[in-house]
Structure formats: structure tokens, C-alpha cells
file my_file-v4.cif (mmCIF, C-alpha atoms)
data_data
loop_
_atom_site.group_PDB
_atom_site.id
_atom_site.type_symbol
_atom_site.label_atom_id
_atom_site.label_comp_id
_atom_site.auth_asym_id
_atom_site.auth_seq_id
_atom_site.Cartn_x
_atom_site.Cartn_y
_atom_site.Cartn_z
ATOM 1 C CA ALA A 1 -42.566 -121.444 75.879
ATOM 2 C CA GLY A 2 -43.277 -119.202 72.930
ATOM 3 C CA ALA A 3 -46.907 -119.798 71.964
ATOM 4 C CA GLU A 4 -48.475 -118.477 75.135
ATOM 5 C CA ASP A 5 -51.938 -118.730 73.574
ATOM 6 C CA ALA A 6 -51.649 -122.497 72.993
ATOM 7 C CA HIS A 7 -52.348 -123.372 76.629
ATOM 8 C CA ARG A 8 -53.385 -121.740 79.893
ATOM 9 C CA PRO A 9 -50.894 -121.344 82.751
ATOM 10 C CA ALA A 10 -52.995 -123.603 84.968
ATOM 11 C CA ASP A 11 -52.468 -126.458 82.495
ATOM 12 C CA PHE A 12 -48.848 -126.578 83.657
ATOM 13 C CA ARG A 13 -49.568 -126.532 87.396
ATOM 14 C CA PRO A 14 -48.968 -130.295 87.862
ATOM 15 C CA ALA A 15 -45.538 -130.003 86.235
ATOM 16 C CA TYR A 16 -44.656 -126.993 88.356
ATOM 17 C CA ASP A 17 -45.774 -128.814 91.493
ATOM 18 C CA ILE A 18 -43.441 -131.706 90.604
ATOM 19 C CA ALA A 19 -40.584 -129.256 90.083
ATOM 20 C CA VAL A 20 -41.188 -127.579 93.442
ATOM 21 C CA GLN A 21 -41.378 -130.925 95.218
ATOM 22 C CA ALA A 22 -37.998 -131.788 93.683
ATOM 23 C CA GLY A 23 -36.521 -128.614 95.125
ATOM 24 C CA LEU A 24 -36.369 -126.674 91.874
ATOM 25 C CA ARG A 25 -37.091 -122.965 91.546
ATOM 26 C CA CYS A 26 -39.381 -121.733 88.815
ATOM 27 C CA THR A 27 -39.758 -119.165 86.074
ATOM 28 C CA ALA A 28 -42.459 -118.883 83.405
ATOM 29 C CA HIS A 29 -42.621 -117.631 79.822
ATOM 30 C CA THR A 30 -45.316 -114.963 79.910
ATOM 31 C CA GLY A 31 -46.153 -111.501 78.652
ATOM 32 C CA GLU A 32 -44.327 -111.659 75.335
ATOM 33 C CA TRP A 33 -46.999 -112.888 72.915
ATOM 34 C CA LEU A 34 -49.982 -112.097 75.116
ATOM 35 C CA GLY A 35 -50.779 -109.002 77.132
ATOM 36 C CA PRO A 36 -50.818 -107.992 80.796
ATOM 37 C CA ALA A 37 -53.745 -110.255 81.627
ATOM 38 C CA SER A 38 -51.615 -113.284 80.780
ATOM 39 C CA ILE A 39 -49.031 -112.196 83.338
ATOM 40 C CA ARG A 40 -51.657 -111.829 86.039
ATOM 41 C CA GLU A 41 -53.070 -115.239 85.132
ATOM 42 C CA THR A 42 -49.618 -116.817 85.271
ATOM 43 C CA LEU A 43 -48.846 -115.443 88.717
ATOM 44 C CA GLU A 44 -52.235 -116.524 90.032
ATOM 45 C CA ALA A 45 -52.144 -120.037 88.562
ATOM 46 C CA LEU A 46 -48.444 -120.620 89.275
ATOM 47 C CA PRO A 47 -47.656 -118.887 92.583
ATOM 48 C CA MET A 48 -44.277 -120.626 92.779
ATOM 49 C CA VAL A 49 -42.988 -118.597 89.820
ATOM 50 C CA GLU A 50 -40.178 -116.284 90.934
ATOM 51 C CA ARG A 51 -39.248 -114.674 87.605
ATOM 52 C CA LEU A 52 -41.054 -113.605 84.442
ATOM 53 C CA GLY A 53 -39.655 -114.959 81.191
ATOM 54 C CA HIS A 54 -40.072 -111.763 79.134
ATOM 55 C CA GLY A 55 -43.058 -110.052 80.808
ATOM 56 C CA VAL A 56 -42.538 -106.970 78.646
ATOM 57 C CA ARG A 57 -46.188 -106.498 77.704
ATOM 58 C CA ALA A 58 -46.820 -105.570 81.318
ATOM 59 C CA ILE A 59 -45.920 -102.059 80.127
ATOM 60 C CA TYR A 60 -49.470 -101.693 78.809
ATOM 61 C CA ASP A 61 -50.922 -101.947 82.338
ATOM 62 C CA PRO A 62 -49.405 -99.313 84.667
ATOM 63 C CA ALA A 63 -51.068 -100.864 87.711
ATOM 64 C CA LEU A 64 -49.483 -104.225 86.933
ATOM 65 C CA VAL A 65 -46.095 -102.617 86.390
ATOM 66 C CA ALA A 66 -46.365 -100.913 89.778
ATOM 67 C CA GLU A 67 -47.365 -104.196 91.421
ATOM 68 C CA LEU A 68 -44.474 -106.115 89.851
ATOM 69 C CA ALA A 69 -42.032 -103.395 90.882
ATOM 70 C CA GLU A 70 -43.343 -103.446 94.440
ATOM 71 C CA ARG A 71 -43.175 -107.248 94.616
ATOM 72 C CA ARG A 72 -39.639 -107.156 93.159
ATOM 73 C CA ILE A 73 -40.404 -109.886 90.636
ATOM 74 C CA PRO A 74 -37.514 -110.027 88.138
ATOM 75 C CA PHE A 75 -38.086 -109.715 84.398
ATOM 76 C CA GLU A 76 -35.969 -111.743 81.953
ATOM 77 C CA VAL A 77 -35.933 -109.158 79.150
ATOM 78 C CA CYS A 78 -34.745 -110.287 75.699
ATOM 79 C CA PRO A 79 -34.859 -107.290 73.329
ATOM 80 C CA GLY A 80 -33.458 -109.157 70.342
ATOM 81 C CA SER A 81 -36.188 -111.769 70.485
ATOM 82 C CA ASN A 82 -38.908 -109.171 71.059
ATOM 83 C CA VAL A 83 -37.768 -107.024 68.127
ATOM 84 C CA ALA A 84 -37.387 -109.995 65.790
ATOM 85 C CA LEU A 85 -40.887 -111.217 66.587
ATOM 86 C CA SER A 86 -42.431 -107.718 66.299
ATOM 87 C CA VAL A 87 -43.621 -107.640 69.896
ATOM 88 C CA PHE A 88 -43.293 -103.845 69.577
ATOM 89 C CA GLU A 89 -43.739 -101.749 66.462
ATOM 90 C CA SER A 90 -40.113 -100.618 66.439
ATOM 91 C CA PRO A 91 -36.933 -101.148 68.484
ATOM 92 C CA GLU A 92 -37.311 -97.650 69.910
ATOM 93 C CA GLN A 93 -40.741 -98.540 71.307
ATOM 94 C CA HIS A 94 -39.436 -101.486 73.322
ATOM 95 C CA ALA A 95 -40.616 -101.528 76.939
ATOM 96 C CA LEU A 96 -37.158 -101.870 78.503
ATOM 97 C CA ARG A 97 -36.677 -98.238 79.451
ATOM 98 C CA GLY A 98 -40.241 -97.790 80.668
ATOM 99 C CA LEU A 99 -40.043 -100.837 82.925
ATOM 100 C CA TRP A 100 -36.650 -99.750 84.226
ATOM 101 C CA GLU A 101 -37.832 -96.237 85.028
ATOM 102 C CA ALA A 102 -40.872 -97.701 86.799
ATOM 103 C CA GLY A 103 -38.544 -99.448 89.230
ATOM 104 C CA CYS A 104 -38.976 -103.004 87.967
ATOM 105 C CA VAL A 105 -36.241 -105.578 88.565
ATOM 106 C CA ILE A 106 -34.788 -105.955 85.085
ATOM 107 C CA THR A 107 -32.322 -108.538 83.846
ATOM 108 C CA LEU A 108 -31.106 -108.905 80.258
ATOM 109 C CA ALA A 109 -30.996 -112.199 78.384
ATOM 110 C CA SER A 110 -30.369 -113.371 74.831
ATOM 111 C CA ASP A 111 -33.249 -115.889 74.652
ATOM 112 C CA ASP A 112 -32.077 -118.156 71.789
ATOM 113 C CA PRO A 113 -28.860 -116.666 70.344
ATOM 114 C CA PRO A 114 -28.472 -118.913 67.253
ATOM 115 C CA TYR A 115 -32.128 -118.595 66.303
ATOM 116 C CA PHE A 116 -32.311 -114.825 66.795
ATOM 117 C CA HIS A 117 -28.736 -114.133 65.649
ATOM 118 C CA THR A 118 -27.938 -112.190 68.802
ATOM 119 C CA SER A 119 -25.727 -112.369 71.879
ATOM 120 C CA LEU A 120 -25.748 -111.138 75.444
ATOM 121 C CA GLY A 121 -23.319 -108.399 74.439
ATOM 122 C CA ALA A 122 -25.734 -107.254 71.727
ATOM 123 C CA GLU A 123 -28.585 -107.139 74.243
ATOM 124 C CA TYR A 124 -26.508 -104.942 76.558
ATOM 125 C CA ARG A 125 -25.615 -102.739 73.590
ATOM 126 C CA PHE A 126 -29.325 -102.395 72.786
ATOM 127 C CA ALA A 127 -29.955 -101.275 76.359
ATOM 128 C CA MET A 128 -27.407 -98.467 75.912
ATOM 129 C CA ASP A 129 -27.852 -97.393 72.310
ATOM 130 C CA VAL A 130 -31.603 -97.812 71.924
ATOM 131 C CA ALA A 131 -33.111 -97.764 75.416
ATOM 132 C CA GLY A 132 -30.655 -95.113 76.586
ATOM 133 C CA LEU A 133 -29.579 -96.799 79.801
ATOM 134 C CA SER A 134 -26.290 -95.833 81.390
ATOM 135 C CA VAL A 135 -23.244 -97.886 82.263
ATOM 136 C CA ALA A 136 -24.259 -97.680 85.916
ATOM 137 C CA ASP A 137 -27.699 -98.996 84.971
ATOM 138 C CA LEU A 138 -26.123 -101.954 83.195
ATOM 139 C CA PHE A 139 -24.037 -102.844 86.203
ATOM 140 C CA ASP A 140 -27.250 -102.738 88.285
ATOM 141 C CA ILE A 141 -28.966 -104.975 85.726
ATOM 142 C CA THR A 142 -26.092 -107.448 86.018
ATOM 143 C CA ARG A 143 -26.399 -107.373 89.801
ATOM 144 C CA ASN A 144 -30.138 -108.007 89.407
ATOM 145 C CA ALA A 145 -29.433 -111.025 87.229
ATOM 146 C CA LEU A 146 -27.083 -112.533 89.774
ATOM 147 C CA ASN A 147 -29.415 -111.866 92.688
ATOM 148 C CA ALA A 148 -32.306 -113.413 90.728
ATOM 149 C CA GLY A 149 -30.262 -116.360 89.485
ATOM 150 C CA PHE A 150 -31.086 -119.869 90.652
ATOM 151 C CA MET A 151 -27.658 -120.585 92.145
ATOM 152 C CA ASP A 152 -26.036 -121.284 95.477
ATOM 153 C CA ALA A 153 -24.932 -118.447 97.739
ATOM 154 C CA GLY A 154 -21.234 -119.112 97.202
ATOM 155 C CA THR A 155 -21.495 -118.864 93.421
ATOM 156 C CA ARG A 156 -23.640 -115.741 93.677
ATOM 157 C CA GLY A 157 -21.196 -114.065 96.027
ATOM 158 C CA ALA A 158 -18.217 -114.876 93.835
ATOM 159 C CA LEU A 159 -19.889 -113.518 90.721
ATOM 160 C CA LEU A 160 -21.111 -110.377 92.472
ATOM 161 C CA SER A 161 -17.562 -109.806 93.664
ATOM 162 C CA ARG A 162 -16.354 -109.952 90.068
ATOM 163 C CA VAL A 163 -18.997 -107.407 89.055
ATOM 164 C CA GLU A 164 -17.881 -105.028 91.797
ATOM 165 C CA THR A 165 -14.267 -105.458 90.754
ATOM 166 C CA ALA A 166 -15.163 -104.640 87.149
ATOM 167 C CA ALA A 167 -17.220 -101.626 88.215
ATOM 168 C CA GLY A 168 -14.351 -100.340 90.304
ATOM 169 C CA ALA A 169 -11.833 -100.894 87.512
ATOM 170 C CA LEU A 170 -14.033 -99.013 85.056
ATOM 171 C CA ALA A 171 -14.403 -96.107 87.445
ATOM 172 C CA ASN A 172 -10.710 -95.838 88.301
ATOM 173 C CA THR A 173 -8.652 -97.039 85.340
ATOM 174 C CA ASN A 174 -8.614 -97.409 81.575
ATOM 175 C CA ARG A 175 -6.674 -100.655 81.561
ATOM 176 C CA ARG A 176 -9.226 -102.349 79.288
ATOM 177 C CA THR A 177 -10.167 -101.053 75.869
ATOM 178 C CA PRO A 178 -13.840 -100.095 76.051
ATOM 179 C CA LEU A 179 -16.535 -100.172 73.412
ATOM 180 C CA ARG A 180 -18.060 -96.744 72.922
ATOM 181 C CA SER A 181 -21.803 -96.363 72.693
ATOM 182 C CA THR A 182 -23.016 -94.470 69.626
ATOM 183 C CA ALA A 183 -25.753 -92.927 71.737
ATOM 184 C CA MET A 184 -23.836 -92.007 74.875
ATOM 185 C CA SER A 185 -20.424 -90.689 75.824
ATOM 186 C CA GLU A 186 -19.992 -93.355 78.498
ATOM 187 C CA THR A 187 -18.157 -96.592 77.823
ATOM 188 C CA LEU A 188 -18.718 -100.193 78.785
ATOM 189 C CA PRO A 189 -16.215 -103.061 78.616
ATOM 190 C CA VAL A 190 -18.187 -105.693 76.745
ATOM 191 C CA ALA A 191 -16.440 -108.928 75.843
ATOM 192 C CA ASP A 192 -18.933 -109.763 73.105
ATOM 193 C CA PRO A 193 -19.060 -106.983 70.436
ATOM 194 C CA PRO A 194 -22.288 -106.206 68.578
ATOM 195 C CA LEU A 195 -22.894 -108.130 65.383
ATOM 196 C CA LEU A 196 -23.263 -104.876 63.440
ATOM 197 C CA THR A 197 -21.697 -101.516 64.220
ATOM 198 C CA ASP A 198 -25.054 -99.726 64.303
ATOM 199 C CA THR A 199 -27.282 -101.332 66.921
ATOM 200 C CA LEU A 200 -30.521 -100.248 65.316
ATOM 201 C CA SER A 201 -29.372 -101.624 61.978
ATOM 202 C CA GLN A 202 -28.608 -104.921 63.670
ATOM 203 C CA PHE A 203 -32.007 -105.278 65.267
ATOM 204 C CA ARG A 204 -33.911 -104.035 62.226
ATOM 205 C CA SER A 205 -32.030 -106.515 60.042
ATOM 206 C CA LEU A 206 -32.946 -109.242 62.500
ATOM 207 C CA ARG A 207 -36.579 -108.185 62.387
ATOM 208 C CA SER A 208 -36.620 -108.271 58.585
ATOM 209 C CA TYR A 209 -34.991 -111.680 58.520
ATOM 210 C CA MET A 210 -37.507 -113.139 60.946
ATOM 211 C CA ALA A 211 -40.421 -111.616 59.037
ATOM 212 C CA ARG A 212 -39.270 -113.431 55.890
ATOM 213 C CA PHE A 213 -38.569 -116.631 57.822
ATOM 214 C CA LEU A 214 -42.024 -116.695 59.454
ATOM 215 C CA SER A 215 -43.978 -115.660 56.346
#
call {"tool": "encode", "arguments": {"input": "my_file-v4.cif", "output": "C-alpha cells"}}
result
Amino acid sequence: AGAEDAHRPADFRPAYDIAVQAGLRCTAHTGEWLGPASIRETLEALPMVERLGHGVRAIYDPALVAELAERRIPFEVCPGSNVALSVFESPEQHALRGLWEAGCVITLASDDPPYFHTSLGAEYRFAMDVAGLSVADLFDITRNALNAGFMDAGTRGALLSRVETAAGALANTNRRTPLRSTAMSETLPVADPPLLTDTLSQFRSLRSYMARFLS
């Protein structure tokens, strides 16, 4: 993971074959450092892959985006990591909204929270404040994550039930104190508050820190 240019996807085929034979399901880190061609190569060399770890550079190939949306291959999108590592020129240029509007199956993840000084709550806040997604979108993203998760049916059903309960509570009551988005009038009950009040400030600070750390 990480240095996608260090090896070719096919180099890992024996390991993936072992995993499949052991009954494990597979994902692959692709399309963060390298471009759309690396995603195509990954899916061709590793046909057992069910999810894309990152995959955000697919945005530069509309035909690939359409194919991934049609095939319903989930993306594990980690905005904090992408911004910190300058995958896009600015937080506002992140591919999240474009992929979502194209109909791709998006999930949100925090990648490596201690390393990137982020959290799942901060990633959801980014989706609202920077990418402009709605509360309803975020509930759909959470449903996507559970449906794409490598878990048994009982666990999935129980977690989806909790999501529906939360969605219903948000629609019908104000029993929980919500966090208000600075970019939208809607509210979302997030257990993990953002590290900084201003989401863009948070992610730009993270980007600056990582630039110094990697220099």
C-alpha cells in the first residue's frame, strides 16, 4: 500500500490467490498515487478485488468512472490522506463530489488517523463542508460502507438497522445535539467532532504539516 509505483499489481497475484483460497475477500490500494491506468491494471491483474482502496484518480478518466459506477465497485475514499499527500491541488478540487455525482459507490474512511491527524468524523465533515454533500448523502455513504463491508449478514443487518434508526431520529426529533455544517444549513449528529472548527483550515494545516514532514 502507498507506493503504487514500486510494484505492479500482478506481482501480488500469488498472495491474492492464497487469500481467496483461504476464504478471504479482497481490496487493493490503487488510484491514489498513480492515475486511471493503474486502476484498470489492478482490476485486470487482480479480478478478485471487490473494492478500490482510494481509486480517486479515476476522476481523470470519465469512461473509467462510468464503468466503475456501472459495475458498482465501491471506493474507499480518504480525503484527509489525499489532501495531506497533495493528490489534488487543493481540498476543493478533491474528486469526492465528482465521483458521487457520477453514481459511483462511495464510502468514507480515515486511512491512518494517527499519521494523518484525522478521524472518521473529520472525513464526514469534509464531505459536507468541502465537497458539499448533504446529510442524506452521508447516510447513503454509510449504507454503502456497510453493504461493501467484509462482514457476516447478521452484523451487516444489525448495523444497517442502527443507521435507519439514526436517520429516522434525525428526521423526526431533535433529541441529540447536532453539529452544524459551516457550508450547509442541514445538521448531522457526528460523535467525533472535527479537529479544527474550520474544515478547510484543518485539511490545509494537515497538508502543510505533511509537506514539511516529507521534505
call {"tool": "residues_around", "arguments": {"input": "my_file-v4.cif", "residues": "range 55-71 of chain A", "least_positions_apart": "3", "cutoff": "9 Å", "atoms": "all atoms listed in the file", "output": "VMD selection string"}}
result
chain A and resid 29 to 37 39 to 40 52 74 to 78 82 87 94 to 96 98 to 99 102 to 105
call {"tool": "resolve_selection", "arguments": {"input": "my_file-v4.cif", "expression": "the PyMOL selection byres ((chain A and resi 45) around 9)", "output": "list in words"}}
result
Arg8, Pro9, Ala10, Asp11, Phe12, Arg13, Arg40, Glu41, Thr42, Leu43, Glu44, Leu46, Pro47 and Met48 of chain A
call {"tool": "atom_distance", "arguments": {"input": "my_file-v4.cif", "atom1": "CA of Ala166 in chain A", "atom2": "CA of Leu108 in chain A"}}
result
17.9 Å
call {"tool": "atom_distance", "arguments": {"input": "my_file-v4.cif", "atom1": "CA of Pro113 in chain A", "atom2": "CA of Pro91 in chain A"}}
result
17.6 Å
call {"tool": "atom_distance", "arguments": {"input": "my_file-v4.cif", "atom1": "CA of His7 in chain A", "atom2": "CA of Met151 in chain A"}}
result
29.3 Å
call {"tool": "closest_residue", "arguments": {"input": "my_file-v4.cif", "among": "A:Gln21, A:Thr27, A:Gln93, A:Thr165", "to": "Gly149 in chain A", "atoms": "all atoms listed in the file"}}
result
A:Thr27
call {"tool": "resolve_selection", "arguments": {"input": "my_file-v4.cif", "expression": "the PyMOL selection byres ((chain A and resi 142) around 12)", "output": "NGL selection string"}}
result
:A and (74 or 76 or 105-109 or 120-121 or 124 or 135-141 or 143-149 or 156 or 159-164 or 166-167)
call {"tool": "residues_near_point", "arguments": {"input": "my_file-v4.cif", "point": "(-30.1, -118.0, 71.9)", "cutoff": "12 Å", "atoms": "all atoms listed in the file", "output": "list in words"}}
result
Cys78, Pro79, Gly80, Ser81, Ala109, Ser110, Asp111, Asp112, Pro113, Pro114, Tyr115, Phe116, His117, Thr118, Ser119, Leu120, Ala122 and Glu123 of chain A
call {"tool": "write_last_selection", "arguments": {"input": "my_file-v4.cif", "atoms": "C-alpha atoms", "output": "PDB file, in the coordinates of the input"}}
result
ATOM      1  CA  CYS A  78     -34.745-110.287  75.699  1.00  0.00           C
ATOM      2  CA  PRO A  79     -34.859-107.290  73.329  1.00  0.00           C
ATOM      3  CA  GLY A  80     -33.458-109.157  70.342  1.00  0.00           C
ATOM      4  CA  SER A  81     -36.188-111.769  70.485  1.00  0.00           C
ATOM      5  CA  ALA A 109     -30.996-112.199  78.384  1.00  0.00           C
ATOM      6  CA  SER A 110     -30.369-113.371  74.831  1.00  0.00           C
ATOM      7  CA  ASP A 111     -33.249-115.889  74.652  1.00  0.00           C
ATOM      8  CA  ASP A 112     -32.077-118.156  71.789  1.00  0.00           C
ATOM      9  CA  PRO A 113     -28.860-116.666  70.344  1.00  0.00           C
ATOM     10  CA  PRO A 114     -28.472-118.913  67.253  1.00  0.00           C
ATOM     11  CA  TYR A 115     -32.128-118.595  66.303  1.00  0.00           C
ATOM     12  CA  PHE A 116     -32.311-114.825  66.795  1.00  0.00           C
ATOM     13  CA  HIS A 117     -28.736-114.133  65.649  1.00  0.00           C
ATOM     14  CA  THR A 118     -27.938-112.190  68.802  1.00  0.00           C
ATOM     15  CA  SER A 119     -25.727-112.369  71.879  1.00  0.00           C
ATOM     16  CA  LEU A 120     -25.748-111.138  75.444  1.00  0.00           C
ATOM     17  CA  ALA A 122     -25.734-107.254  71.727  1.00  0.00           C
ATOM     18  CA  GLU A 123     -28.585-107.139  74.243  1.00  0.00           C
TER      19      GLU A 123
END
call {"tool": "axis_aligned_box", "arguments": {"input": "my_file-v4.cif", "around": "range 6-24 of chain A", "padding_each_side": "8 Å", "output": "AutoDock Vina command-line options"}}
result
--center_x -44.9 --center_y -126.6 --center_z 84.1 --size_x 33.0 --size_y 26.4 --size_z 38.2
